[in-house]
Structure formats: C-alpha cells, structure tokens
$ cat data-v6.tsv   # TSV, C-alpha atoms and all ligand atoms
chain	number	residue	atom	x	y	z
A	1	VAL	CA	110.08	97.98	132.81
A	2	TYR	CA	107.01	96.08	133.97
A	3	ASP	CA	104.88	99.21	133.82
A	4	GLU	CA	106.19	99.95	130.36
A	5	LEU	CA	105.29	96.43	129.22
A	6	LYS	CA	101.83	96.69	130.69
A	7	LYS	CA	101.34	100.02	129.01
A	8	ASN	CA	102.40	98.64	125.64
A	9	GLU	CA	100.04	95.71	126.05
A	10	LYS	CA	97.19	98.03	126.87
A	11	LEU	CA	98.02	100.19	123.87
A	12	ALA	CA	98.08	97.18	121.59
A	13	VAL	CA	94.58	96.21	122.70
A	14	ILE	CA	93.29	99.76	122.39
A	15	GLY	CA	94.93	99.96	118.97
A	16	GLN	CA	93.28	96.79	117.73
A	17	MET	CA	89.92	97.96	118.96
A	18	ALA	CA	90.37	101.36	117.42
A	19	ALA	CA	91.36	99.83	114.11
A	20	ALA	CA	88.37	97.48	114.11
A	21	ILE	CA	85.92	100.28	114.89
A	22	GLY	CA	87.61	102.55	112.37
A	23	HIS	CA	87.22	99.90	109.72
A	24	GLU	CA	83.50	99.59	110.42
A	25	ILE	CA	82.99	103.34	110.27
A	26	ARG	CA	84.85	103.78	107.03
A	27	ASN	CA	82.38	102.20	104.61
A	28	PRO	CA	79.19	103.91	105.77
A	29	LEU	CA	81.15	107.14	105.88
A	30	ALA	CA	82.27	106.74	102.28
A	31	ALA	CA	78.64	106.20	101.27
A	32	LEU	CA	77.57	109.24	103.26
A	33	LYS	CA	80.16	111.41	101.56
A	34	GLY	CA	79.28	110.12	98.10
A	35	PHE	CA	75.56	110.79	98.54
A	36	THR	CA	76.18	114.18	100.10
A	37	GLN	CA	78.29	115.17	97.10
A	38	PHE	CA	75.60	113.84	94.76
A	39	GLN	CA	72.91	115.85	96.52
A	40	GLN	CA	75.09	118.95	96.36
A	41	GLU	CA	75.51	118.61	92.62
A	42	ASN	CA	71.77	118.21	92.12
A	43	TYR	CA	70.63	120.88	94.50
A	44	GLN	CA	69.37	124.05	92.84
A	45	ASN	CA	69.67	126.50	95.70
A	46	SER	CA	73.30	127.60	96.02
A	47	ASN	CA	72.61	128.71	99.56
A	48	ASN	CA	73.12	125.39	101.35
A	49	TYR	CA	75.12	123.57	104.00
A	50	PHE	CA	76.63	120.90	101.77
A	51	PRO	CA	80.21	122.29	101.88
A	52	ILE	CA	80.14	122.23	105.69
A	53	MET	CA	78.68	118.72	105.70
A	54	ILE	CA	81.42	117.48	103.40
A	55	GLU	CA	84.12	119.24	105.40
A	56	GLU	CA	82.89	117.60	108.60
A	57	ILE	CA	82.70	114.17	106.93
A	58	ASP	CA	86.34	114.67	105.88
A	59	ARG	CA	87.19	115.51	109.46
A	60	ILE	CA	85.68	112.25	110.68
A	61	ASN	CA	87.57	110.50	107.89
A	62	SER	CA	90.91	111.84	109.04
A	63	ILE	CA	90.20	110.87	112.67
A	64	VAL	CA	89.30	107.38	111.50
A	65	ASP	CA	92.53	107.24	109.49
A	66	ASP	CA	94.51	108.10	112.62
A	67	LEU	CA	92.65	105.50	114.67
A	68	MET	CA	93.36	102.83	112.10
A	69	TYR	CA	97.01	103.76	112.04
A	70	MET	CA	97.17	102.91	115.71
A	71	GLY	CA	96.13	99.32	115.19
A	72	LYS	CA	98.41	98.29	112.40
A	73	PRO	CA	101.32	100.48	111.43
A	74	LYS	CA	101.36	100.53	107.65
A	75	LYS	CA	104.22	99.19	105.60
A	76	ILE	CA	106.45	102.00	104.47
A	77	LYS	CA	107.08	102.20	100.75
A	78	PHE	CA	110.31	104.10	100.09
A	79	GLU	CA	110.47	106.08	96.87
A	80	LYS	CA	112.26	109.22	95.80
A	81	ALA	CA	110.15	112.30	96.29
A	82	SER	CA	110.60	116.04	96.24
A	83	ILE	CA	110.43	117.68	99.65
A	84	GLU	CA	109.42	120.93	97.95
A	85	GLY	CA	106.44	119.09	96.46
A	86	ILE	CA	105.50	117.51	99.77
A	87	ILE	CA	105.58	120.84	101.59
A	88	ALA	CA	103.65	122.60	98.80
A	89	TYR	CA	100.96	119.92	98.93
A	90	THR	CA	100.74	120.19	102.71
A	91	LEU	CA	100.30	123.95	102.50
A	92	SER	CA	97.54	123.61	99.93
A	93	ILE	CA	95.64	121.31	102.31
A	94	THR	CA	96.05	123.59	105.34
A	95	GLN	CA	95.67	126.92	103.52
A	96	GLN	CA	91.97	127.40	104.24
A	97	GLN	CA	92.36	126.79	107.94
A	98	ALA	CA	95.34	129.16	108.04
A	99	GLU	CA	93.46	131.92	106.25
A	100	ARG	CA	90.44	131.54	108.49
A	101	GLN	CA	92.68	132.07	111.50
A	102	GLY	CA	94.82	134.87	110.14
A	103	VAL	CA	97.94	132.73	109.92
A	104	THR	CA	100.52	133.36	107.21
A	105	VAL	CA	103.22	130.93	106.13
A	106	GLU	CA	106.74	131.68	105.04
A	107	THR	CA	108.84	128.95	103.46
A	108	ILE	CA	112.63	129.05	103.24
A	109	MET	CA	114.30	126.32	101.21
A	110	ALA	CA	118.08	126.33	101.20
A	111	GLY	CA	119.21	125.87	97.61
A	112	PRO	CA	118.32	122.94	95.39
A	113	LEU	CA	117.33	120.01	97.54
A	114	PRO	CA	118.00	116.39	96.62
A	115	PRO	CA	115.14	113.92	96.26
A	116	LEU	CA	114.25	112.28	99.53
A	117	ASP	CA	113.87	108.55	100.08
A	118	CYS	CA	110.48	108.38	101.74
A	119	ASP	CA	106.90	107.29	101.72
A	120	GLU	CA	105.50	110.46	100.21
A	121	LYS	CA	101.91	109.94	101.29
A	122	GLN	CA	102.92	109.35	104.87
A	123	LEU	CA	105.33	112.27	105.04
A	124	LYS	CA	102.54	114.50	103.77
A	125	GLN	CA	100.50	113.30	106.73
A	126	VAL	CA	103.37	114.25	109.07
A	127	PHE	CA	103.58	117.81	107.80
A	128	ILE	CA	99.81	118.23	107.67
A	129	ASN	CA	99.68	117.26	111.36
A	130	LEU	CA	102.55	119.56	112.34
A	131	ILE	CA	101.31	122.55	110.38
A	132	LYS	CA	97.78	122.08	111.71
A	133	ASN	CA	99.15	122.08	115.24
A	134	ALA	CA	101.11	125.24	114.49
A	135	ILE	CA	97.99	126.96	113.12
A	136	GLU	CA	95.88	125.78	116.04
A	137	SER	CA	98.45	127.20	118.48
A	138	MET	CA	97.77	130.70	117.13
A	139	PRO	CA	94.07	131.42	117.64
A	140	GLU	CA	94.80	135.13	117.26
A	141	GLY	CA	96.82	134.65	114.08
A	142	GLY	CA	100.53	134.93	113.44
A	143	GLN	CA	103.24	133.51	111.25
A	144	ILE	CA	104.55	130.04	110.58
A	145	GLN	CA	108.07	129.68	109.27
A	146	ILE	CA	109.05	126.50	107.49
A	147	GLN	CA	112.74	126.00	106.85
A	148	VAL	CA	114.30	123.14	104.95
A	149	LYS	CA	118.02	122.52	104.75
A	150	ILE	CA	120.57	119.80	104.33
A	151	ILE	CA	122.61	118.88	107.41
A	152	SER	CA	125.00	116.21	108.69
A	153	ASN	CA	127.41	116.38	105.79
A	154	GLN	CA	124.74	116.10	103.08
A	155	GLN	CA	123.20	113.04	104.71
A	156	LYS	CA	120.05	114.39	106.30
A	157	LEU	CA	117.28	116.83	105.72
A	158	LEU	CA	116.18	119.17	108.49
A	159	ILE	CA	112.66	120.50	108.23
A	160	SER	CA	111.80	122.97	110.92
A	161	ILE	CA	108.36	124.41	111.56
A	162	LYS	CA	108.21	127.43	113.81
A	163	ASP	CA	105.09	129.11	115.12
A	164	GLU	CA	104.37	132.13	117.31
A	165	GLY	CA	101.70	130.36	119.29
A	166	LEU	CA	100.84	129.45	122.86
A	167	GLY	CA	103.85	127.22	123.36
A	168	ILE	CA	103.95	123.91	125.24
A	169	ASP	CA	104.70	123.59	128.95
A	170	GLU	CA	107.44	121.28	130.21
A	171	GLU	CA	105.10	118.59	131.41
A	172	SER	CA	103.12	118.48	128.19
A	173	ILE	CA	106.32	118.20	126.14
A	174	LEU	CA	106.88	114.82	127.80
A	175	ASN	CA	103.44	113.66	126.74
A	176	LEU	CA	103.58	114.67	123.09
A	177	GLY	CA	102.70	111.70	120.94
A	178	GLU	CA	101.05	109.73	123.73
A	179	PRO	CA	97.79	108.44	122.29
A	180	PHE	CA	94.88	110.74	123.18
A	181	PHE	CA	97.09	113.37	124.82
A	182	THR	CA	95.50	116.66	123.91
A	183	THR	CA	95.04	120.07	125.52
A	184	LYS	CA	92.45	121.15	122.96
A	185	LYS	CA	88.71	121.33	123.48
A	186	ASP	CA	88.05	119.25	120.38
A	187	GLY	CA	91.45	117.63	119.89
A	188	THR	CA	91.91	113.90	119.42
A	189	GLY	CA	95.50	113.61	120.61
A	190	LEU	CA	96.24	111.25	117.76
A	191	GLY	CA	98.11	113.53	115.37
A	192	LEU	CA	101.53	113.37	117.00
A	193	MET	CA	101.21	109.67	117.76
A	194	VAL	CA	100.84	109.00	114.04
A	195	THR	CA	103.53	111.58	113.25
A	196	ASN	CA	106.05	109.99	115.62
A	197	GLN	CA	105.43	106.54	114.21
A	198	ILE	CA	105.91	107.68	110.61
A	199	ILE	CA	109.11	109.53	111.44
A	200	LYS	CA	110.43	106.51	113.31
A	201	ASP	CA	109.61	104.35	110.27
A	202	HIS	CA	111.76	106.78	108.25
A	203	PHE	CA	114.66	106.40	110.71
A	204	GLY	CA	114.22	110.06	111.54
A	205	GLU	CA	113.93	112.19	114.64
A	206	ILE	CA	111.52	114.81	115.90
A	207	LYS	CA	112.33	117.43	118.53
A	208	TYR	CA	110.40	120.26	120.10
A	209	GLU	CA	111.70	123.56	121.42
A	210	SER	CA	109.05	125.67	123.02
A	211	VAL	CA	108.64	128.80	125.07
A	212	LEU	CA	105.26	129.47	126.67
A	213	LYS	CA	103.35	132.31	125.03
A	214	LYS	CA	106.20	132.78	122.55
A	215	GLY	CA	105.94	129.78	120.30
A	216	THR	CA	107.23	126.41	119.31
A	217	ARG	CA	109.78	125.08	116.88
A	218	VAL	CA	109.45	121.50	115.71
A	219	ASN	CA	112.55	120.02	114.10
A	220	VAL	CA	112.16	116.96	111.92
A	221	ILE	CA	115.34	115.24	110.74
A	222	ILE	CA	115.20	112.55	108.08
A	223	PRO	CA	118.03	110.68	106.31
A	224	ILE	CA	118.02	111.59	102.62
A	225	ILE	CA	119.02	108.17	101.44
A	226	HIS	CA	117.47	105.18	103.11
A	227	LYS	CA	119.99	102.41	103.43
A	228	ARG	CA	118.27	99.20	102.48
A	229	LEU	CA	119.06	96.25	104.66
B	301	LIG	P1	95.61	117.37	118.89
B	301	LIG	O1	96.11	118.35	117.89
B	301	LIG	O2	94.39	116.65	118.43
B	301	LIG	O3	95.47	117.95	120.26
B	301	LIG	P2	98.25	116.24	118.62
B	301	LIG	O4	98.78	114.88	118.87
B	301	LIG	O5	98.43	116.79	117.25
B	301	LIG	O6	96.72	116.20	119.02
B	301	LIG	O7	98.91	117.25	119.64
B	301	LIG	C1	98.87	116.97	121.03
B	301	LIG	C2	99.06	118.21	121.88
B	301	LIG	O8	100.37	118.73	121.71
B	301	LIG	C3	98.15	119.37	121.53
B	301	LIG	O9	96.88	119.24	122.12
B	301	LIG	C4	98.93	120.55	122.09
B	301	LIG	O10	98.74	120.67	123.46
B	301	LIG	C5	100.38	120.13	121.89
B	301	LIG	N1	100.99	120.76	120.70
B	301	LIG	C6	101.42	120.13	119.59
B	301	LIG	N2	101.96	121.01	118.72
B	301	LIG	C7	101.90	122.22	119.29
B	301	LIG	C8	102.30	123.55	118.90
B	301	LIG	N3	102.88	123.79	117.72
B	301	LIG	N4	102.05	124.55	119.77
B	301	LIG	C9	101.47	124.33	120.97
B	301	LIG	N5	101.07	123.11	121.39
B	301	LIG	C10	101.27	122.07	120.57
B	302	MG	MG	97.04	117.90	116.08
$ encode --input "data-v6.tsv" --output "structure tokens"
Amino acid sequence: VYDELKKNEKLAVIGQMAAAIGHEIRNPLAALKGFTQFQQENYQNSNNYFPIMIEEIDRINSIVDDLMYMGKPKKIKFEKASIEGIIAYTLSITQQQAERQGVTVETIMAGPLPPLDCDEKQLKQVFINLIKNAIESMPEGGQIQIQVKIISNQQKLLISIKDEGLGIDEESILNLGEPFFTTKKDGTGLGLMVTNQIIKDHFGEIKYESVLKKGTRVNVIIPIIHKRL
C-alpha cells in the first residue's frame, strides 16, 4: 500500500509538470501551425514539404494533449451520441495511416444501436488510440475488425477491436496504461493511460485478450445510460 501511495504521489508530480510544460508548448505550436499553413497557401511550387510539416506539428499536438491529460483529468460532459458516428469519425482520422500500412478495417454493428450517454470528444480519443495501436501492431498489414453490440440485458455497449498483429506478452499486458510504458521505437506510452482514464470516467471497462504473433482483441464495455447521482 505504501509503495502504491508513493507511486501515485510521484505520478501526480510528474502529471503536474507534464501539464505545465504541455501548456507552454501549446501556444507557440499553434502559431507554428498557423504560419506553416499560411506559407503553404502562398507557396507557388506544389512540390513542397508543407504537408509533412503540418502532419508532424499535429503529431506534437496530440502528444501534448496526452501530456496535459495526465495533469488534470478533464471534466466529463455526458451527452447522447451515436456510436456509429463516433466510430466513423475515428476511422476517418486513422484511414491514412491504415492505408499506408496495408491495413483494412471491417466494421460489424449489430442492428440499430441506441444513443450512448458519453463525452463524444473523449470517446473519439479512446477509439483513435485503440485503432492506432491496432494498426501499429501490423507493420506488414492485415485486418482490423470492429464489432459493436448491446450486452448485459440492453444496459451496456460492447465495442471490440481485433487485430492480427504482433500480440502482447503476459508481462506487458500488466503494464498497459502505465504512463510511458511503450515497446515502440517512437512510442510515447501515453495513449492507453489516457484511454483508461476516459473509460473509467465513463464507468466502463477495458480488457485485452492477446496471443503473441496472432493478434489482440480489445474489449471496451460502456453503460449506455449514465445514471446521474
Ligand atoms: P504507444 O502506442 O505510444 O506505445 P500506448 O499506451 O498506446 O503507447 O500502448 C502501450 C503499449 O501497449 C504499446 O507500446 C504496445 O506494446 C502495447 N499495445 C497496445 N495495443 C496493442 C495492440 N493492439 N497490439 C500489440 N501491442 C499493443
Ligand atoms: Mg498508442
């Protein structure tokens, strides 16, 4: 228990630092992106590196977002949203990366789905993180299967994301969601930390089933109706 407390204390300090640094980086980064876009629009030669520059700025932006999440968990704003819409949005964001890596996505939605009580923006972040991880687990390409269905006597939504990637070993499974835990060359190890927090804020659960070199299935379970206290 003592170790756990000490760890939480350490994380709180790291989180505050990360949030403070993230905050400082955000403004100059916004300026950088704005001016880069402006230059792109006014540049005659279509053969240029502006798209890559903007893509990389966006990458820094999303890392900064994750860092800031660590410091102060945001207030969740529950509203009714369509899970179909959330998944479709997520796929539009990750489509380019999937195509580049030869990854296809199949979506199976079981019947008409009820609107979900959730913070739409944050749930989008969850599925972006999970689908990115699935894509990144298949450097040689493959298929992602996303299945959505109602379970627990109409009370909960199960969203499962299955890949045919590298899989996760038993020890790593225990570390998923620990801040900065990553096995990737250029990973941040922040994606699942943010994901776990958001799912917890939704009173949901996340579970991983994985077989090395075969693939991983991530099951996210979220109550459809959020009971207000
Ligand atoms: P990052 O993606 O930056 O490494 P994450 O928090 O998103 O950080 O993931 C942490 C680690 O969990 C990854 O580095 C990887 O080892 C493992 N992981 C997560 N999802 C998968 C998956 N679908 N397949 C294989 N490994 C995964
Ligand atoms: Mg990730």
$ residues_near_ligand --input "data-v6.tsv" --ligand "ligand MG 302 (chain B)" --cutoff "6 Å" --atoms "all atoms listed in the file" --output "ChimeraX atom specification"
/A:129,133,191
$ atom_distance --input "data-v6.tsv" --atom1 "CA of Gly22 (chain A)" --atom2 "CA of Lys77 (chain A)"
22.7 Å
$ residues_near_ligand --input "data-v6.tsv" --ligand "ligand LIG 301 (chain B)" --cutoff "10 Å" --atoms "only C-alpha atoms and all ligand atoms" --output "compact mmCIF listing (two decimals) with C-alpha atoms, in the coordinates of the input"
# COMPACT_ATOMS: atom_id res chain seq x y z
CA ILE A 63 90.20 110.87 112.67
CA VAL A 126 103.37 114.25 109.07
CA ILE A 128 99.81 118.23 107.67
CA ASN A 129 99.68 117.26 111.36
CA LEU A 130 102.55 119.56 112.34
CA ILE A 131 101.31 122.55 110.38
CA LYS A 132 97.78 122.08 111.71
CA ASN A 133 99.15 122.08 115.24
CA ALA A 134 101.11 125.24 114.49
CA ILE A 135 97.99 126.96 113.12
CA GLU A 136 95.88 125.78 116.04
CA SER A 137 98.45 127.20 118.48
CA MET A 138 97.77 130.70 117.13
CA ILE A 144 104.55 130.04 110.58
CA ILE A 161 108.36 124.41 111.56
CA LYS A 162 108.21 127.43 113.81
CA ASP A 163 105.09 129.11 115.12
CA GLU A 164 104.37 132.13 117.31
CA GLY A 165 101.70 130.36 119.29
CA LEU A 166 100.84 129.45 122.86
CA GLY A 167 103.85 127.22 123.36
CA ILE A 168 103.95 123.91 125.24
CA ASP A 169 104.70 123.59 128.95
CA SER A 172 103.12 118.48 128.19
CA ILE A 173 106.32 118.20 126.14
CA LEU A 174 106.88 114.82 127.80
CA ASN A 175 103.44 113.66 126.74
CA LEU A 176 103.58 114.67 123.09
CA GLY A 177 102.70 111.70 120.94
CA GLU A 178 101.05 109.73 123.73
CA PRO A 179 97.79 108.44 122.29
CA PHE A 180 94.88 110.74 123.18
CA PHE A 181 97.09 113.37 124.82
CA THR A 182 95.50 116.66 123.91
CA THR A 183 95.04 120.07 125.52
CA LYS A 184 92.45 121.15 122.96
CA LYS A 185 88.71 121.33 123.48
CA ASP A 186 88.05 119.25 120.38
CA GLY A 187 91.45 117.63 119.89
CA THR A 188 91.91 113.90 119.42
CA GLY A 189 95.50 113.61 120.61
CA LEU A 190 96.24 111.25 117.76
CA GLY A 191 98.11 113.53 115.37
CA LEU A 192 101.53 113.37 117.00
CA MET A 193 101.21 109.67 117.76
CA VAL A 194 100.84 109.00 114.04
CA THR A 195 103.53 111.58 113.25
CA ASN A 196 106.05 109.99 115.62
CA TYR A 208 110.40 120.26 120.10
CA GLU A 209 111.70 123.56 121.42
CA SER A 210 109.05 125.67 123.02
CA VAL A 211 108.64 128.80 125.07
CA LEU A 212 105.26 129.47 126.67
CA LYS A 213 103.35 132.31 125.03
CA LYS A 214 106.20 132.78 122.55
CA GLY A 215 105.94 129.78 120.30
CA THR A 216 107.23 126.41 119.31
CA ARG A 217 109.78 125.08 116.88
CA VAL A 218 109.45 121.50 115.71
$ axis_aligned_box --input "data-v6.tsv" --around "region 101-119 of chain A" --padding-each-side "8 Å" --output "JSON"
{"center_x": 105.9, "center_y": 121.1, "center_z": 103.4, "size_x": 42.5, "size_y": 43.6, "size_z": 32.1}
$ residues_around --input "data-v6.tsv" --residues "His226 (chain A)" --least-positions-apart "3" --cutoff "10 Å" --atoms "only C-alpha atoms" --output "MDAnalysis selection string"
chainID A and resid 78:80 116:118 155 202:203 222:223 229
$ atom_distance --input "data-v6.tsv" --atom1 "CA of Ile54 (chain A)" --atom2 "CA of Phe127 (chain A)"
22.6 Å
$ atom_distance --input "data-v6.tsv" --atom1 "CA of Asn219 (chain A)" --atom2 "CA of Ser160 (chain A)"
4.4 Å
$ closest_residue --input "data-v6.tsv" --among "A:Thr107, A:Asn47, A:Gln125, A:Asn8" --to "Ala88 (chain A)" --atoms "all atoms listed in the file"
A:Thr107
$ closest_residue --input "data-v6.tsv" --among "A:Lys121, A:Lys227, A:Leu91, A:Leu158" --to "Ile206 (chain A)" --atoms "all atoms listed in the file"
A:Leu158
